[in-house]
>>> print(open('data06.txt').read())   # compact mmCIF, C-alpha atoms
# COMPACT_ATOMS: atom_id res chain seq x y z
CA PHE A 19 113.90 -189.52 -234.26
CA GLN A 20 114.31 -192.03 -237.05
CA HIS A 21 116.96 -194.71 -236.66
CA GLY A 22 120.48 -194.07 -237.90
CA GLU A 23 124.15 -194.05 -236.96
CA PRO A 24 124.75 -193.22 -233.26
CA LEU A 25 126.89 -190.11 -233.77
CA GLY A 26 124.46 -188.57 -236.23
CA LEU A 27 121.53 -189.23 -233.91
CA ALA A 28 123.37 -187.71 -230.95
CA ASP A 29 123.95 -184.59 -233.06
CA LYS A 30 120.23 -184.39 -233.87
CA VAL A 31 119.21 -184.74 -230.21
CA PHE A 32 121.73 -182.07 -229.20
CA TYR A 33 120.52 -179.58 -231.82
CA PHE A 34 116.87 -180.39 -231.13
CA LYS A 35 117.23 -179.51 -227.45
CA ARG A 36 119.03 -176.26 -228.22
CA THR A 37 116.53 -175.31 -230.91
CA LEU A 38 113.55 -175.99 -228.67
CA ARG A 39 115.01 -173.84 -225.90
CA GLU A 40 115.54 -170.95 -228.30
CA ALA A 41 112.03 -171.31 -229.75
CA ALA A 42 110.53 -171.32 -226.25
CA LEU A 43 112.42 -168.16 -225.27
CA LYS A 44 111.00 -166.34 -228.30
CA HIS A 45 107.54 -167.07 -226.90
CA ASP A 46 108.44 -166.00 -223.34
CA MET A 47 108.59 -169.57 -222.11
CA TYR A 48 111.28 -171.93 -220.88
CA ALA A 49 111.90 -175.44 -222.20
CA THR A 50 113.48 -177.87 -219.76
CA PHE A 51 114.92 -181.34 -220.16
CA MET A 52 115.12 -182.11 -216.46
CA ALA A 53 114.31 -185.75 -215.77
CA LYS A 54 111.69 -184.76 -213.16
CA PRO A 55 110.72 -181.09 -213.43
CA MET A 56 107.34 -181.43 -211.67
CA ALA A 57 106.34 -183.41 -208.59
CA ASN A 58 103.47 -185.90 -208.96
CA GLU A 59 103.88 -185.96 -212.75
CA PRO A 60 105.73 -188.44 -214.97
CA GLY A 61 109.30 -187.47 -215.77
CA SER A 62 111.08 -187.06 -219.08
CA ALA A 63 113.12 -189.87 -220.62
CA MET A 64 115.32 -190.43 -223.65
CA HIS A 65 114.39 -193.93 -224.74
CA VAL A 66 117.03 -195.39 -227.04
CA HIS A 67 116.18 -198.13 -229.54
CA GLN A 68 119.27 -200.04 -230.61
CA SER A 69 120.14 -202.81 -233.01
CA VAL A 70 123.37 -203.93 -234.64
CA VAL A 71 123.80 -204.67 -238.35
CA ASP A 72 126.55 -206.67 -240.00
CA GLY A 73 128.92 -204.26 -241.73
CA GLU A 74 129.27 -206.46 -244.79
CA THR A 75 125.79 -207.86 -245.30
CA GLY A 76 123.67 -205.14 -243.69
CA LYS A 77 121.66 -207.81 -241.87
CA ASN A 78 120.45 -207.34 -238.31
CA ILE A 79 122.60 -209.62 -236.14
CA PHE A 80 119.79 -209.78 -233.55
CA SER A 81 117.94 -212.17 -235.86
CA THR A 82 118.90 -215.56 -237.27
CA GLU A 83 118.46 -216.54 -240.93
CA ASP A 84 115.00 -217.94 -240.18
CA GLY A 85 113.94 -214.72 -238.41
CA ALA A 86 114.18 -215.95 -234.80
CA PRO A 87 115.95 -214.00 -232.04
CA SER A 88 119.67 -214.76 -232.13
CA GLU A 89 122.04 -215.61 -229.29
CA LEU A 90 123.68 -212.21 -229.76
CA PHE A 91 120.28 -210.58 -229.22
CA HIS A 92 119.90 -212.26 -225.85
CA HIS A 93 123.52 -211.60 -224.92
CA TYR A 94 123.03 -207.92 -225.75
CA ILE A 95 120.12 -207.81 -223.30
CA GLY A 96 122.24 -209.67 -220.75
CA GLY A 97 124.95 -207.03 -221.12
CA LEU A 98 122.48 -204.22 -220.49
CA GLN A 99 121.22 -206.00 -217.38
CA ARG A 100 124.73 -206.65 -216.11
CA TYR A 101 126.38 -203.30 -216.77
CA MET A 102 123.69 -200.58 -216.90
CA PRO A 103 123.47 -200.29 -213.08
CA SER A 104 127.14 -199.28 -213.16
CA ALA A 105 126.43 -196.83 -215.98
CA MET A 106 123.65 -194.94 -214.21
CA ALA A 107 125.86 -191.98 -213.31
CA ILE A 108 126.15 -191.36 -217.06
CA VAL A 109 122.53 -191.92 -218.15
CA ALA A 110 121.08 -190.35 -214.97
CA PRO A 111 123.75 -187.69 -214.40
CA TYR A 112 122.12 -185.35 -211.86
CA VAL A 113 120.56 -185.60 -208.42
CA ASN A 114 117.19 -184.80 -209.99
CA SER A 115 117.56 -187.76 -212.38
CA TYR A 116 116.72 -190.22 -209.60
CA ARG A 117 113.42 -188.48 -208.76
CA ARG A 118 112.08 -189.99 -211.97
CA ILE A 119 112.98 -193.62 -211.19
CA VAL A 120 110.23 -194.55 -208.73
CA ARG A 121 107.44 -197.10 -208.88
CA HIS A 122 104.28 -196.53 -210.93
CA THR A 123 105.39 -193.25 -212.55
CA ALA A 124 105.77 -194.50 -216.15
CA ALA A 125 109.52 -194.98 -215.60
CA PRO A 126 111.40 -198.25 -214.99
CA ILE A 127 112.78 -199.15 -211.57
CA ASN A 128 114.82 -202.14 -212.69
CA LEU A 129 116.43 -203.80 -215.71
CA GLN A 130 113.95 -206.59 -216.29
CA TRP A 131 113.10 -207.17 -219.93
CA GLY A 132 110.00 -208.09 -221.87
CA ILE A 133 108.28 -207.89 -225.24
CA ASP A 134 106.25 -204.68 -225.63
CA ASN A 135 106.22 -204.34 -221.83
CA ARG A 136 106.35 -200.71 -220.75
CA THR A 137 107.02 -201.42 -217.08
CA VAL A 138 110.48 -202.89 -217.66
CA GLY A 139 113.80 -201.10 -218.16
CA ILE A 140 114.59 -203.07 -221.32
CA ARG A 141 111.68 -203.31 -223.75
CA VAL A 142 111.67 -205.31 -226.97
CA PRO A 143 109.20 -203.69 -229.38
CA VAL A 144 107.10 -205.90 -231.64
CA SER A 145 108.81 -205.88 -235.03
CA GLY A 146 109.95 -207.90 -238.01
CA SER A 147 113.21 -209.83 -237.98
CA GLN A 148 115.23 -207.14 -239.78
CA ASP A 149 113.87 -204.48 -237.41
CA ARG A 150 114.44 -206.45 -234.18
CA ARG A 151 115.76 -204.04 -231.57
CA VAL A 152 116.15 -203.37 -227.88
CA GLU A 153 114.80 -200.24 -226.20
CA ASN A 154 116.69 -198.86 -223.21
CA ARG A 155 114.03 -197.02 -221.17
CA VAL A 156 116.27 -196.10 -218.22
CA ILE A 157 118.04 -193.14 -219.85
CA GLY A 158 116.75 -189.72 -218.79
CA ALA A 159 116.08 -186.69 -220.99
CA ASP A 160 118.78 -184.88 -219.02
CA ALA A 161 121.55 -187.22 -220.20
CA ASN A 162 124.25 -186.13 -222.61
CA PRO A 163 123.15 -187.87 -225.84
CA TYR A 164 126.70 -188.64 -226.95
CA LEU A 165 127.59 -190.31 -223.66
CA ALA A 166 124.19 -192.01 -223.32
CA LEU A 167 124.44 -193.69 -226.72
CA ALA A 168 128.06 -194.64 -226.16
CA ILE A 169 127.44 -196.25 -222.78
CA THR A 170 124.33 -198.23 -223.72
CA LEU A 171 126.13 -199.61 -226.78
CA ALA A 172 129.14 -200.41 -224.59
CA CYS A 173 126.97 -202.40 -222.17
CA GLY A 174 125.37 -204.38 -224.99
CA TYR A 175 128.77 -204.95 -226.61
CA LEU A 176 130.19 -206.37 -223.40
CA GLY A 177 127.18 -208.66 -223.13
CA MET A 178 127.86 -210.06 -226.59
CA VAL A 179 131.60 -210.42 -226.03
CA GLU A 180 131.10 -212.14 -222.68
CA ALA A 181 128.05 -214.16 -223.81
CA ILE A 182 125.98 -212.96 -220.83
CA GLU A 183 122.61 -214.67 -220.57
CA PRO A 184 119.67 -212.43 -219.61
CA SER A 185 117.18 -213.17 -216.88
CA ALA A 186 113.82 -214.72 -217.70
CA MET A 187 111.50 -212.48 -219.68
CA VAL A 188 108.87 -210.63 -217.64
CA GLU A 189 105.28 -210.81 -218.87
CA GLY A 190 103.53 -208.99 -216.03
CA SER A 191 104.33 -205.76 -214.21
CA ALA A 192 107.96 -205.21 -213.30
CA TYR A 193 106.87 -202.63 -210.74
CA ASP A 194 106.16 -205.52 -208.36
CA MET A 195 109.79 -206.66 -208.61
CA PRO A 196 112.81 -205.37 -206.66
CA VAL A 197 114.68 -202.22 -207.63
CA ASP A 198 118.09 -203.05 -209.11
CA LEU A 199 119.24 -199.56 -210.06
CA PRO A 200 121.20 -197.07 -207.92
CA GLN A 201 118.85 -194.84 -205.93
CA GLY A 202 120.94 -191.69 -206.00
CA LEU A 203 123.85 -189.97 -207.71
CA SER A 204 126.34 -190.72 -204.95
CA GLU A 205 125.65 -194.46 -205.13
CA ALA A 206 125.79 -194.35 -208.93
CA ILE A 207 129.20 -192.67 -208.90
CA THR A 208 130.55 -195.32 -206.53
CA VAL A 209 129.45 -198.27 -208.66
CA LEU A 210 130.72 -196.63 -211.87
CA ARG A 211 134.17 -196.20 -210.33
CA ARG A 212 134.25 -199.89 -209.37
CA GLU A 213 133.32 -201.29 -212.77
CA ASP A 214 136.62 -202.22 -214.47
CA ARG A 215 135.01 -203.50 -217.68
CA LEU A 216 133.41 -200.12 -218.44
CA ARG A 217 136.77 -198.52 -217.71
CA ASP A 218 138.30 -200.81 -220.32
CA VAL A 219 135.77 -199.70 -222.96
CA LEU A 220 135.36 -195.99 -222.15
CA GLY A 221 138.88 -195.29 -220.92
CA GLU A 222 140.42 -194.91 -217.48
CA ARG A 223 140.96 -191.17 -217.78
CA PHE A 224 137.39 -190.48 -218.87
CA ILE A 225 135.89 -192.41 -215.92
CA ASP A 226 138.23 -190.73 -213.41
CA VAL A 227 137.53 -187.22 -214.66
CA TYR A 228 133.79 -187.76 -215.10
CA THR A 229 133.27 -189.20 -211.61
CA ALA A 230 135.41 -186.43 -210.07
CA VAL A 231 133.17 -183.79 -211.66
CA LYS A 232 130.01 -185.59 -210.51
CA ASP A 233 131.41 -185.89 -207.01
CA LEU A 234 131.85 -182.12 -206.84
CA GLU A 235 128.30 -181.57 -208.10
CA HIS A 236 126.92 -183.92 -205.44
CA GLN A 237 128.92 -182.22 -202.69
CA GLU A 238 127.49 -178.87 -203.76
CA PHE A 239 123.96 -180.31 -203.69
CA MET A 240 124.49 -181.66 -200.17
CA ARG A 241 125.12 -178.11 -198.93
CA VAL A 242 121.54 -177.14 -199.85
CA ILE A 243 118.70 -177.69 -197.36
CA SER A 244 115.49 -178.53 -199.21
CA PRO A 245 111.95 -177.27 -198.42
CA TRP A 246 110.95 -180.89 -197.64
CA GLU A 247 113.53 -181.09 -194.87
CA ARG A 248 112.32 -177.85 -193.32
CA GLU A 249 108.68 -178.86 -193.57
CA HIS A 250 109.07 -182.38 -192.16
CA LEU A 251 112.05 -182.09 -189.83
CA LEU A 252 112.44 -178.55 -188.58
CA LEU A 253 109.89 -178.83 -185.76
CA HIS A 254 109.66 -182.63 -185.47
CA VAL A 255 113.12 -183.86 -184.60
>>> encode(input="data06.txt", output="structure tokens")
Amino acid sequence: FQHGEPLGLADKVFYFKRTLREAALKHDMYATFMAKPMANEPGSAMHVHQSVVDGETGKNIFSTEDGAPSELFHHYIGGLQRYMPSAMAIVAPYVNSYRRIVRHTAAPINLQWGIDNRTVGIRVPVSGSQDRRVENRVIGADANPYLALAITLACGYLGMVEAIEPSAMVEGSAYDMPVDLPQGLSEAITVLRREDRLRDVLGERFIDVYTAVKDLEHQEFMRVISPWEREHLLLHV
């Protein structure tokens, strides 16, 4: 999708998914937006490119007057690194979402950042100064687009407000570096509940209701015994 205002883009993503499902059904097929629908294959993501423009001048605040990266640009990245782990229950909202986030499967496992580096969670595409942007590669295709855009902007906003410095830029493979994202929905729910700053931005009631719903979903999942458990444990423990 072409760049635009967040709400309008979320509308487009929502209608696109619904339209594709209907089109598939007319051809006796099913379209899915699961983050990991097939084992041993790359998953499906919803990469979000984001930049911020000055409301009065229309200039990209991620660039200085001479075209260099601005402090706000780096602080925005710092905010994503600091707060996205706590936001994972929103951008990876199902138990299946975490099947995608494993090493060497074309998906990030951490929130390192780099220029045109597709192994990191936060990629900075090569661009001109007015087009300077940050790509969040952690978000899954299964995420609610309205919530996904809201939360990634909230994390970057907090980074700018709090002047959070990012880590050093990664030039090699981030797959060799430690995982710094929650490894399952239950863990993600716990860290979201604990993050007061996201509560301040998104609202106490929203966080409480959202995490309560996700808790119920996870409890329902835990009642199901998977084929893997039967195959590997039934006769071996």
>>> closest_residue(input="data06.txt", among="A:Val120, A:Leu176, A:Glu23, A:Val113", to="Asp233 (chain A)", atoms="all atoms listed in the file")
A:Val113
>>> closest_residue(input="data06.txt", among="A:Gly132, A:Gly61, A:Gly158, A:Gly177", to="Arg100 (chain A)", atoms="only C-alpha atoms")
A:Gly177
>>> atom_distance(input="data06.txt", atom1="CA of Ala86 (chain A)", atom2="CA of Glu180 (chain A)")
21.2 Å
>>> closest_residue(input="data06.txt", among="A:Asp149, A:Asp198, A:Glu213, A:Asp46", to="Gly76 (chain A)", atoms="only C-alpha atoms")
A:Asp149
>>> atom_distance(input="data06.txt", atom1="CA of Pro111 (chain A)", atom2="CA of Ala181 (chain A)")
28.4 Å
>>> atom_distance(input="data06.txt", atom1="CA of Leu252 (chain A)", atom2="CA of Pro55 (chain A)")
25.0 Å
>>> closest_residue(input="data06.txt", among="A:Met52, A:Ile133, A:Val152, A:Ala28", to="Phe91 (chain A)", atoms="all atoms listed in the file")
A:Val152
>>> closest_atom_pairs(input="data06.txt", of="region 35-154 of chain A", to="region 219-222 of chain A", cutoff="12 Å", atoms="all atoms listed in the file", output="Markdown table")
| residue | atom | partner | partner_atom | distance |
| --- | --- | --- | --- | --- |
| A:Tyr101 | CA | A:Val219 | CA | 11.8 |
| A:Ala105 | CA | A:Leu220 | CA | 10.9 |
| A:Ile108 | CA | A:Leu220 | CA | 11.5 |
>>> build_atoms(input="data06.txt", residues="region 189-200 of chain A", atoms="N, CA, C and O atoms", output="PDB file, in the coordinates of the input")
ATOM      1  N   GLU A 189     106.529-210.990-218.131  1.00  0.00           N
ATOM      2  CA  GLU A 189     105.280-210.810-218.870  1.00  0.00           C
ATOM      3  C   GLU A 189     104.285-209.935-218.123  1.00  0.00           C
ATOM      4  O   GLU A 189     103.399-209.346-218.733  1.00  0.00           O
ATOM      5  N   GLY A 190     104.418-209.842-216.813  1.00  0.00           N
ATOM      6  CA  GLY A 190     103.530-208.990-216.030  1.00  0.00           C
ATOM      7  C   GLY A 190     104.187-207.659-215.717  1.00  0.00           C
ATOM      8  O   GLY A 190     105.046-207.179-216.455  1.00  0.00           O
ATOM      9  N   SER A 191     103.791-207.062-214.600  1.00  0.00           N
ATOM     10  CA  SER A 191     104.330-205.760-214.210  1.00  0.00           C
ATOM     11  C   SER A 191     105.666-205.914-213.483  1.00  0.00           C
ATOM     12  O   SER A 191     105.774-206.645-212.499  1.00  0.00           O
ATOM     13  N   ALA A 192     106.656-205.198-213.963  1.00  0.00           N
ATOM     14  CA  ALA A 192     107.960-205.210-213.300  1.00  0.00           C
ATOM     15  C   ALA A 192     107.994-204.291-212.092  1.00  0.00           C
ATOM     16  O   ALA A 192     108.966-204.293-211.340  1.00  0.00           O
ATOM     17  N   TYR A 193     106.930-203.507-211.911  1.00  0.00           N
ATOM     18  CA  TYR A 193     106.870-202.630-210.740  1.00  0.00           C
ATOM     19  C   TYR A 193     106.731-203.429-209.447  1.00  0.00           C
ATOM     20  O   TYR A 193     107.003-202.918-208.361  1.00  0.00           O
ATOM     21  N   ASP A 194     106.288-204.675-209.551  1.00  0.00           N
ATOM     22  CA  ASP A 194     106.160-205.520-208.360  1.00  0.00           C
ATOM     23  C   ASP A 194     107.469-206.215-208.013  1.00  0.00           C
ATOM     24  O   ASP A 194     107.539-206.939-207.021  1.00  0.00           O
ATOM     25  N   MET A 195     108.502-206.003-208.805  1.00  0.00           N
ATOM     26  CA  MET A 195     109.790-206.660-208.610  1.00  0.00           C
ATOM     27  C   MET A 195     110.778-205.704-207.951  1.00  0.00           C
ATOM     28  O   MET A 195     110.563-204.484-207.939  1.00  0.00           O
ATOM     29  N   PRO A 196     111.859-206.226-207.386  1.00  0.00           N
ATOM     30  CA  PRO A 196     112.810-205.370-206.660  1.00  0.00           C
ATOM     31  C   PRO A 196     113.489-204.344-207.562  1.00  0.00           C
ATOM     32  O   PRO A 196     113.668-204.560-208.763  1.00  0.00           O
ATOM     33  N   VAL A 197     113.886-203.239-206.955  1.00  0.00           N
ATOM     34  CA  VAL A 197     114.680-202.220-207.630  1.00  0.00           C
ATOM     35  C   VAL A 197     116.106-202.747-207.767  1.00  0.00           C
ATOM     36  O   VAL A 197     116.676-203.259-206.812  1.00  0.00           O
ATOM     37  N   ASP A 198     116.705-202.626-208.956  1.00  0.00           N
ATOM     38  CA  ASP A 198     118.090-203.050-209.110  1.00  0.00           C
ATOM     39  C   ASP A 198     118.964-201.949-209.717  1.00  0.00           C
ATOM     40  O   ASP A 198     120.029-202.204-210.279  1.00  0.00           O
ATOM     41  N   LEU A 199     118.494-200.713-209.588  1.00  0.00           N
ATOM     42  CA  LEU A 199     119.240-199.560-210.060  1.00  0.00           C
ATOM     43  C   LEU A 199     119.681-198.698-208.883  1.00  0.00           C
ATOM     44  O   LEU A 199     119.005-198.666-207.860  1.00  0.00           O
ATOM     45  N   PRO A 200     120.802-197.993-208.991  1.00  0.00           N
ATOM     46  CA  PRO A 200     121.200-197.070-207.920  1.00  0.00           C
ATOM     47  C   PRO A 200     120.080-196.080-207.616  1.00  0.00           C
ATOM     48  O   PRO A 200     119.360-195.636-208.525  1.00  0.00           O
TER      49      PRO A 200
END
